[in-house]
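Trainee: So I've got this file, protein_10.pdb, and it contains PDB, C-alpha atoms, pLDDT in the B column:
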```
ATOM      1  CA  GLU W 194      10.128  22.328  55.033  1.00 73.00           C
ATOM      2  CA  GLU W 195       9.966  19.606  57.704  1.00 77.00           C
ATOM      3  CA  GLU W 196      10.605  22.214  60.392  1.00 78.00           C
ATOM      4  CA  GLU W 197       7.801  24.368  58.984  1.00 78.00           C
ATOM      5  CA  GLU W 198       5.343  21.438  59.159  1.00 76.00           C
ATOM      6  CA  GLU W 199       6.353  20.754  62.737  1.00 73.00           C
ATOM      7  CA  GLN W 200       5.731  24.399  63.666  1.00 72.00           C
ATOM      8  CA  GLN W 201       2.295  24.280  62.015  1.00 71.00           C
ATOM      9  CA  GLU W 202       1.413  21.110  63.919  1.00 67.00           C
ATOM     10  CA  GLN W 203       2.518  22.710  67.168  1.00 61.00           C
ATOM     11  CA  GLN W 204       0.398  25.806  66.428  1.00 61.00           C
ATOM     12  CA  GLN W 205      -2.620  23.587  65.716  1.00 56.00           C
ATOM     13  CA  ARG W 206      -2.135  21.752  69.033  1.00 50.00           C
ATOM     14  CA  GLN W 207      -1.887  25.095  70.854  1.00 49.00           C
ATOM     15  CA  GLN W 208      -5.028  26.387  69.121  1.00 46.00           C
ATOM     16  CA  HIS W 209      -6.876  23.184  69.997  1.00 42.00           C
ATOM     17  CA  HIS W 210      -5.751  23.552  73.613  1.00 41.00           C
ATOM     18  CA  ALA W 211      -6.820  27.233  73.647  1.00 39.00           C
ATOM     19  CA  GLN W 212     -10.224  26.309  72.178  1.00 38.00           C
ATOM     20  CA  TRP W 213     -10.629  23.637  74.825  1.00 37.00           C
ATOM     21  CA  GLU W 214      -9.818  26.138  77.574  1.00 39.00           C
ATOM     22  CA  VAL W 215     -12.614  28.379  76.291  1.00 34.00           C
ATOM     23  CA  ARG W 216     -15.083  25.475  76.196  1.00 40.00           C
ATOM     24  CA  PHE W 217     -13.835  24.005  79.455  1.00 50.00           C
ATOM     25  CA  GLY W 218     -16.727  24.823  81.708  1.00 71.00           C
ATOM     26  CA  VAL W 219     -20.477  24.470  81.886  1.00 80.00           C
ATOM     27  CA  TRP W 220     -23.082  22.384  80.085  1.00 79.00           C
ATOM     28  CA  LEU W 221     -26.739  23.122  80.752  1.00 81.00           C
ATOM     29  CA  LEU W 222     -28.662  19.863  80.731  1.00 81.00           C
ATOM     30  CA  SER W 223     -32.220  21.204  80.901  1.00 81.00           C
ATOM     31  CA  GLN W 224     -34.566  23.518  79.035  1.00 81.00           C
ATOM     32  CA  PRO W 225     -36.124  26.703  80.502  1.00 80.00           C
ATOM     33  CA  GLY W 226     -39.512  25.051  81.076  1.00 80.00           C
ATOM     34  CA  ASP W 227     -38.174  21.922  82.791  1.00 85.00           C
ATOM     35  CA  ALA W 228     -39.150  21.468  86.438  1.00 86.00           C
ATOM     36  CA  ALA W 229     -35.646  20.272  87.337  1.00 91.00           C
ATOM     37  CA  GLN W 230     -32.780  22.481  86.193  1.00 92.00           C
ATOM     38  CA  HIS W 231     -29.412  20.738  85.667  1.00 91.00           C
ATOM     39  CA  ALA W 232     -25.916  22.055  85.046  1.00 91.00           C
ATOM     40  CA  ARG W 233     -22.666  20.098  84.721  1.00 90.00           C
ATOM     41  CA  VAL W 234     -19.303  21.772  85.274  1.00 89.00           C
ATOM     42  CA  CYS W 235     -16.052  20.293  84.010  1.00 86.00           C
ATOM     43  CA  ILE W 236     -13.067  21.243  86.201  1.00 87.00           C
ATOM     44  CA  ASP W 237      -9.430  21.009  85.160  1.00 84.00           C
ATOM     45  CA  ALA W 238      -7.766  18.450  87.457  1.00 85.00           C
ATOM     46  CA  ARG W 239      -4.677  20.669  87.686  1.00 83.00           C
ATOM     47  CA  ARG W 240      -6.674  22.659  90.252  1.00 84.00           C
ATOM     48  CA  LEU W 241      -6.182  19.717  92.640  1.00 86.00           C
ATOM     49  CA  ARG W 242      -2.395  20.171  92.632  1.00 84.00           C
ATOM     50  CA  GLY W 243      -0.267  22.968  94.022  1.00 78.00           C
ATOM     51  CA  ASN W 244      -1.658  25.799  96.137  1.00 85.00           C
ATOM     52  CA  HIS W 245      -5.071  26.152  94.471  1.00 85.00           C
ATOM     53  CA  ARG W 246      -7.643  27.018  97.110  1.00 88.00           C
ATOM     54  CA  SER W 247     -10.753  27.095  94.947  1.00 88.00           C
ATOM     55  CA  ALA W 248     -12.224  26.392  91.529  1.00 89.00           C
ATOM     56  CA  THR W 249     -15.068  28.589  90.286  1.00 89.00           C
ATOM     57  CA  SER W 250     -17.142  27.796  87.217  1.00 90.00           C
ATOM     58  CA  PRO W 251     -18.100  30.354  84.614  1.00 89.00           C
ATOM     59  CA  ALA W 252     -21.511  31.885  85.355  1.00 91.00           C
ATOM     60  CA  PHE W 253     -24.505  29.956  84.006  1.00 90.00           C
ATOM     61  CA  MET W 254     -28.274  30.468  83.938  1.00 90.00           C
ATOM     62  CA  LEU W 255     -30.886  28.246  85.537  1.00 90.00           C
ATOM     63  CA  HIS W 256     -34.596  28.944  85.149  1.00 87.00           C
ATOM     64  CA  MET W 257     -36.400  29.189  88.461  1.00 83.00           C
ATOM     65  CA  GLY W 258     -40.067  30.034  88.679  1.00 75.00           C
ATOM     66  CA  GLY W 259     -40.103  31.619  85.227  1.00 79.00           C
ATOM     67  CA  GLU W 260     -36.966  33.701  85.832  1.00 83.00           C
ATOM     68  CA  ALA W 261     -33.471  33.164  84.433  1.00 88.00           C
ATOM     69  CA  VAL W 262     -31.077  33.346  87.387  1.00 91.00           C
ATOM     70  CA  ARG W 263     -27.246  33.398  87.196  1.00 93.00           C
ATOM     71  CA  PHE W 264     -25.212  30.958  89.270  1.00 94.00           C
ATOM     72  CA  VAL W 265     -21.652  29.706  89.704  1.00 94.00           C
ATOM     73  CA  MET W 266     -20.408  26.440  91.184  1.00 94.00           C
ATOM     74  CA  LEU W 267     -17.604  26.708  93.717  1.00 94.00           C
ATOM     75  CA  ALA W 268     -15.331  23.816  94.639  1.00 93.00           C
ATOM     76  CA  LEU W 269     -13.309  24.375  97.816  1.00 92.00           C
ATOM     77  CA  PRO W 270     -10.808  22.128  99.624  1.00 92.00           C
ATOM     78  CA  VAL W 271     -11.968  20.428 102.801  1.00 89.00           C
ATOM     79  CA  PRO W 272     -10.870  22.639 105.724  1.00 79.00           C
ATOM     80  CA  ALA W 273      -8.183  21.207 107.993  1.00 68.00           C
ATOM     81  CA  ALA W 274      -9.434  20.133 111.416  1.00 64.00           C
ATOM     82  CA  GLY W 275      -9.368  23.155 113.687  1.00 57.00           C
ATOM     83  CA  LEU W 276      -7.651  25.335 111.061  1.00 57.00           C
ATOM     84  CA  GLY W 277     -10.663  26.522 109.091  1.00 58.00           C
ATOM     85  CA  PRO W 278     -10.641  27.358 105.359  1.00 56.00           C
ATOM     86  CA  GLY W 279      -7.603  28.391 103.380  1.00 58.00           C
ATOM     87  CA  ARG W 280      -6.016  24.993 102.834  1.00 81.00           C
ATOM     88  CA  SER W 281      -5.139  23.920  99.279  1.00 88.00           C
ATOM     89  CA  PHE W 282      -6.706  21.025  97.347  1.00 89.00           C
ATOM     90  CA  GLU W 283      -3.317  19.284  97.356  1.00 89.00           C
ATOM     91  CA  ALA W 284      -3.034  19.551 101.160  1.00 88.00           C
ATOM     92  CA  ALA W 285      -6.622  18.230 101.405  1.00 89.00           C
ATOM     93  CA  GLY W 286      -5.712  15.163  99.308  1.00 89.00           C
ATOM     94  CA  GLY W 287      -8.146  16.130  96.537  1.00 90.00           C
ATOM     95  CA  MET W 288     -11.063  16.202  98.985  1.00 92.00           C
ATOM     96  CA  GLY W 289     -13.445  19.136  98.738  1.00 93.00           C
ATOM     97  CA  ILE W 290     -16.886  20.629  99.166  1.00 95.00           C
ATOM     98  CA  LEU W 291     -19.285  22.179  96.662  1.00 96.00           C
ATOM     99  CA  HIS W 292     -21.318  25.367  96.851  1.00 96.00           C
ATOM    100  CA  LEU W 293     -23.926  26.689  94.444  1.00 97.00           C
ATOM    101  CA  LYS W 294     -23.833  30.493  94.538  1.00 96.00           C
ATOM    102  CA  CYS W 295     -26.649  32.692  93.245  1.00 95.00           C
ATOM    103  CA  LEU W 296     -25.327  35.859  91.565  1.00 94.00           C
ATOM    104  CA  ASP W 297     -28.659  37.612  90.950  1.00 88.00           C
ATOM    105  CA  ARG W 298     -31.655  38.689  92.958  1.00 76.00           C
ATOM    106  CA  ALA W 299     -32.994  35.284  93.736  1.00 70.00           C
ATOM    107  CA  VAL W 300     -36.404  33.726  93.680  1.00 72.00           C
ATOM    108  CA  ALA W 301     -37.885  33.792  97.189  1.00 83.00           C
ATOM    109  CA  ARG W 302     -39.552  30.380  96.812  1.00 86.00           C
ATOM    110  CA  PRO W 303     -37.858  27.340  98.352  1.00 92.00           C
ATOM    111  CA  VAL W 304     -35.883  25.054  96.054  1.00 93.00           C
ATOM    112  CA  GLN W 305     -34.426  21.601  96.456  1.00 96.00           C
ATOM    113  CA  VAL W 306     -30.773  21.239  95.462  1.00 97.00           C
ATOM    114  CA  ARG W 307     -28.775  18.044  94.808  1.00 97.00           C
ATOM    115  CA  PHE W 308     -25.079  17.661  93.934  1.00 97.00           C
ATOM    116  CA  ARG W 309     -22.990  14.967  92.251  1.00 95.00           C
ATOM    117  CA  VAL W 310     -19.281  14.546  91.476  1.00 95.00           C
ATOM    118  CA  GLY W 311     -18.304  12.341  88.521  1.00 90.00           C
ATOM    119  CA  SER W 312     -20.228   9.074  88.729  1.00 89.00           C
ATOM    120  CA  GLN W 313     -20.555   9.205  92.527  1.00 92.00           C
ATOM    121  CA  PRO W 314     -24.181   8.996  93.765  1.00 95.00           C
ATOM    122  CA  TRP W 315     -26.302  12.140  94.039  1.00 96.00           C
ATOM    123  CA  ARG W 316     -26.387  13.760  97.494  1.00 97.00           C
ATOM    124  CA  GLY W 317     -29.237  15.795  98.880  1.00 96.00           C
ATOM    125  CA  PRO W 318     -31.694  17.177  98.289  1.00 96.00           C
ATOM    126  CA  VAL W 319     -31.278  20.106 100.613  1.00 97.00           C
ATOM    127  CA  GLU W 320     -34.024  22.720 100.826  1.00 96.00           C
ATOM    128  CA  HIS W 321     -32.776  26.264 100.277  1.00 95.00           C
ATOM    129  CA  ILE W 322     -34.096  29.795  99.697  1.00 93.00           C
ATOM    130  CA  PHE W 323     -31.588  31.810  97.654  1.00 92.00           C
ATOM    131  CA  ALA W 324     -33.285  35.100  98.599  1.00 91.00           C
ATOM    132  CA  ASP W 325     -32.253  34.395 102.223  1.00 93.00           C
ATOM    133  CA  ARG W 326     -28.718  33.164 101.514  1.00 93.00           C
ATOM    134  CA  ALA W 327     -26.785  33.288  98.224  1.00 94.00           C
ATOM    135  CA  LEU W 328     -24.691  30.156  98.966  1.00 95.00           C
ATOM    136  CA  CYS W 329     -26.188  26.678  99.069  1.00 96.00           C
ATOM    137  CA  LYS W 330     -24.285  23.586 100.216  1.00 96.00           C
ATOM    138  CA  LEU W 331     -24.971  20.169 101.630  1.00 97.00           C
ATOM    139  CA  PRO W 332     -25.150  19.527 105.379  1.00 96.00           C
ATOM    140  CA  GLU W 333     -21.750  18.981 106.994  1.00 92.00           C
ATOM    141  CA  GLU W 334     -22.193  15.199 107.250  1.00 95.00           C
ATOM    142  CA  GLU W 335     -22.730  14.951 103.454  1.00 95.00           C
ATOM    143  CA  GLU W 336     -20.546  17.749 102.096  1.00 94.00           C
ATOM    144  CA  LYS W 337     -17.110  16.063 101.619  1.00 95.00           C
ATOM    145  CA  TRP W 338     -16.356  14.796  98.111  1.00 95.00           C
ATOM    146  CA  ASP W 339     -13.383  12.883  96.731  1.00 94.00           C
ATOM    147  CA  PHE W 340     -12.631  15.024  93.668  1.00 93.00           C
ATOM    148  CA  GLN W 341      -9.388  13.155  92.978  1.00 91.00           C
ATOM    149  CA  SER W 342     -11.182   9.814  92.514  1.00 91.00           C
ATOM    150  CA  ALA W 343     -13.474  11.421  89.905  1.00 90.00           C
ATOM    151  CA  VAL W 344     -10.588  12.593  87.681  1.00 88.00           C
ATOM    152  CA  ASP W 345     -10.968  10.923  84.294  1.00 71.00           C
ATOM    153  CA  GLY W 346     -13.673   8.684  85.684  1.00 56.00           C
ATOM    154  CA  PRO W 347     -16.802   7.721  83.754  1.00 48.00           C
ATOM    155  CA  SER W 348     -18.525  10.746  82.272  1.00 50.00           C
ATOM    156  CA  ASP W 349     -21.276  11.407  79.797  1.00 48.00           C
ATOM    157  CA  ALA W 350     -20.058  14.945  79.121  1.00 48.00           C
ATOM    158  CA  PRO W 351     -20.914  16.028  75.542  1.00 47.00           C
ATOM    159  CA  ILE W 352     -17.375  17.305  74.900  1.00 47.00           C
ATOM    160  CA  LEU W 353     -14.422  15.361  76.193  1.00 50.00           C
ATOM    161  CA  PRO W 354     -11.078  16.972  76.962  1.00 51.00           C
ATOM    162  CA  PRO W 355      -8.075  16.261  74.735  1.00 52.00           C
ATOM    163  CA  GLN W 356      -6.187  13.150  75.818  1.00 55.00           C
ATOM    164  CA  HIS W 357      -3.498  15.173  77.590  1.00 56.00           C
ATOM    165  CA  MET W 358      -6.071  17.008  79.726  1.00 67.00           C
ATOM    166  CA  LYS W 359      -7.283  15.513  83.005  1.00 79.00           C
ATOM    167  CA  ALA W 360     -10.646  16.665  84.342  1.00 83.00           C
ATOM    168  CA  PHE W 361     -13.556  15.831  86.628  1.00 87.00           C
ATOM    169  CA  THR W 362     -17.213  16.862  86.515  1.00 88.00           C
ATOM    170  CA  VAL W 363     -19.564  18.214  89.146  1.00 92.00           C
ATOM    171  CA  GLU W 364     -23.294  18.473  88.628  1.00 92.00           C
ATOM    172  CA  VAL W 365     -26.121  20.327  90.309  1.00 95.00           C
ATOM    173  CA  GLU W 366     -29.895  19.876  90.080  1.00 95.00           C
ATOM    174  CA  VAL W 367     -32.284  22.597  91.282  1.00 94.00           C
ATOM    175  CA  VAL W 368     -36.041  22.045  91.567  1.00 93.00           C
ATOM    176  CA  VAL W 369     -38.372  24.929  92.520  1.00 85.00           C
ATOM    177  CA  ARG W 370     -40.819  23.669  95.099  1.00 76.00           C
ATOM    178  CA  HIS W 371     -44.414  24.548  94.290  1.00 68.00           C
ATOM    179  CA  GLU W 372     -46.446  25.435  97.343  1.00 58.00           C
TER
END
```
Before we go any further, please render this structure as structure tokens.
Mentor:
Amino acid sequence: EEEEEEQQEQQQRQQHHAQWEVRFGVWLLSQPGDAAQHARVCIDARRLRGNHRSATSPAFMLHMGGEAVRFVMLALPVPAAGLGPGRSFEAAGGMGILHLKCLDRAVARPVQVRFRVGSQPWRGPVEHIFADRALCKLPEEEEKWDFQSAVDGPSDAPILPPQHMKAFTVEVEVVVRHE
């Protein structure tokens, strides 16, 4: 009987972990009519160890100029000096860069994009036109983030990971510029 209870508890922990994995991802922090569109992505800190070379969020929708447009956030390790991309997060010491990638036919109007990791200050804005280029990132002098220092740092995420899970958040804000 004791063994049976232990098995049930283990199954419940596994189910809780599986449910977390499904929810582990994106929170939209704005409404369709809001001028500034916000999304926060929670990334499993295990991506910063081993040979992981990227972390990609699930697709999410931001409303730009009256249209719902699909995006993903990409976190990539800082390239090694002179070696280019392809280095792992572990080899980069948990340092990385962020990209916002548009997956749909994009709005041709210029937008302003800002990024934030954990409780680190916002960076940007950078002006971007997604119809010209699907990937948006910060200028080179602003693009490096310390993901490792944001692991389990202060967060106002609506759903927190189970105690055994380590995570960090990245956030993006997109504002359509009205001409």
Trainee: Can you work out which one of W:Leu255, W:Ala299, W:Leu331, W:Val271 has the shortest atom-to-atom distance to Val367 of chain W, counting only C-alpha atoms?
Mentor: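 Result for the nearest residue to Val367 of chain W: W:Leu255.
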Trainee: For the file shown, report as a list in words the outcome of the PyMOL selection byres ((chain W and resi 284) around 12) at residue level.
Mentor: Arg240, Leu241, Arg242, Gly243, Asn244, His245, Arg246, Leu269, Pro270, Val271, Pro272, Ala273, Pro278, Gly279, Arg280, Ser281, Phe282, Glu283, Ala285, Gly286, Gly287, Met288 and Gly289 of chain W
Trainee: Can you write out the residues you just picked, keeping C-alpha atoms, as a JSON list (two decimals), in the coordinates of the input?
Mentor:
```json
[["chain", "number", "residue", "atom", "x", "y", "z"],
["W", 240, "ARG", "CA", -6.67, 22.66, 90.25],
["W", 241, "LEU", "CA", -6.18, 19.72, 92.64],
["W", 242, "ARG", "CA", -2.40, 20.17, 92.63],
["W", 243, "GLY", "CA", -0.27, 22.97, 94.02],
["W", 244, "ASN", "CA", -1.66, 25.80, 96.14],
["W", 245, "HIS", "CA", -5.07, 26.15, 94.47],
["W", 246, "ARG", "CA", -7.64, 27.02, 97.11],
["W", 269, "LEU", "CA", -13.31, 24.38, 97.82],
["W", 270, "PRO", "CA", -10.81, 22.13, 99.62],
["W", 271, "VAL", "CA", -11.97, 20.43, 102.80],
["W", 272, "PRO", "CA", -10.87, 22.64, 105.72],
["W", 273, "ALA", "CA", -8.18, 21.21, 107.99],
["W", 278, "PRO", "CA", -10.64, 27.36, 105.36],
["W", 279, "GLY", "CA", -7.60, 28.39, 103.38],
["W", 280, "ARG", "CA", -6.02, 24.99, 102.83],
["W", 281, "SER", "CA", -5.14, 23.92, 99.28],
["W", 282, "PHE", "CA", -6.71, 21.02, 97.35],
["W", 283, "GLU", "CA", -3.32, 19.28, 97.36],
["W", 285, "ALA", "CA", -6.62, 18.23, 101.40],
["W", 286, "GLY", "CA", -5.71, 15.16, 99.31],
["W", 287, "GLY", "CA", -8.15, 16.13, 96.54],
["W", 288, "MET", "CA", -11.06, 16.20, 98.98],
["W", 289, "GLY", "CA", -13.44, 19.14, 98.74]]
```
Trainee: Enclose segment 321-328 of chain W, meaning all of its atoms listed in the file, in a box aligned along x, y and z, pad it by 5 Å on each side, and list the centre and edge lengths in Å to one decimal, as AutoDock Vina command-line options.
Mentor:
```
--center_x -29.4 --center_y 30.7 --center_z 99.9 --size_x 19.4 --size_y 18.8 --size_z 14.6
```
Trainee: Would you kindly return, as a PDB file with C-alpha atoms, in the coordinates of the input, each protein, DNA or RNA residue with an atom no farther than 9 Å from any atom of Lys294 of chain W, considering only C-alpha atoms and excluding same-chain residues fewer than 2 positions away?
Mentor:
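File around16.pdb, as written:
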```
ATOM      1  CA  ARG W 263     -27.246  33.398  87.196  1.00 93.00           C
ATOM      2  CA  PHE W 264     -25.212  30.958  89.270  1.00 94.00           C
ATOM      3  CA  VAL W 265     -21.652  29.706  89.704  1.00 94.00           C
ATOM      4  CA  MET W 266     -20.408  26.440  91.184  1.00 94.00           C
ATOM      5  CA  LEU W 267     -17.604  26.708  93.717  1.00 94.00           C
ATOM      6  CA  HIS W 292     -21.318  25.367  96.851  1.00 96.00           C
ATOM      7  CA  LEU W 296     -25.327  35.859  91.565  1.00 94.00           C
ATOM      8  CA  PHE W 323     -31.588  31.810  97.654  1.00 92.00           C
ATOM      9  CA  ARG W 326     -28.718  33.164 101.514  1.00 93.00           C
ATOM     10  CA  ALA W 327     -26.785  33.288  98.224  1.00 94.00           C
ATOM     11  CA  LEU W 328     -24.691  30.156  98.966  1.00 95.00           C
ATOM     12  CA  CYS W 329     -26.188  26.678  99.069  1.00 96.00           C
ATOM     13  CA  LYS W 330     -24.285  23.586 100.216  1.00 96.00           C
TER      14      LYS W 330
END
```
Trainee: With distances taken over all atoms listed in the file, which residue among W:Gly311, W:Pro251, W:Pro303, W:Gly259 lies nearest Val344 of chain W?
Mentor: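 Counting all atoms listed in the file, the residue closest to Val344 of chain W is W:Gly311.
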Trainee: Take the PyMOL selection byres ((chain W and resi 222) around 8), apply it to the structure above, and return the hits as a ChimeraX atom specification.
Mentor: /W:220-221,223-224,230-233
Trainee: Run the PyMOL selection byres ((chain W and resi 360) around 7) on the file and write out the hits as a PyMOL selection string.
Mentor: chain W and resi 235-238+344-345+358-359+361-362
Trainee: Quick one: distance from atom CA of Ile290 of chain W to atom CA of Lys337 of chain W in Å, one decimal?
Mentor: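 We find that atom CA of Ile290 of chain W and atom CA of Lys337 of chain W lie 5.2 Å from each other.
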Trainee: Counting all atoms listed in the file, which of W:Gln200, W:Val219, W:Glu335, W:Asp297 gets nearest to Trp315 of chain W?
Mentor: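 For Trp315 of chain W, the nearest of the given residues is W:Glu335.
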Trainee: For the atom pair atom CA of Val368 of chain W and atom CA of Gln341 of chain W, what is the interatomic distance in Å to one decimal place?
Mentor: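 The value is 28.1 Å.
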Trainee: Between atom CA of Leu291 of chain W and atom CA of Arg309 of chain W, what is the spacing in Å?
Mentor: 9.2 Å
Trainee: W:Val300, W:Glu334, W:Phe308, W:Ser342: which is nearest Arg370 of chain W, counting all atoms listed in the file?
Mentor: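 Selected residue with least distance to Arg370 of chain W: W:Val300.
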Trainee: I need the residue nearest Ala248 of chain W from this list: W:Cys295, W:Ala268, W:Val369, W:Val310. Use all atoms listed in the file for the distance.
Mentor: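 For Ala248 of chain W, the nearest of the candidates is W:Ala268.
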Trainee: Nearest to Leu293 of chain W: which of W:Ala261, W:Ala229, W:Ser312, W:Ile322 is it, counting all atoms listed in the file?
Mentor: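 Closest residue, counting all atoms listed in the file: W:Ile322.
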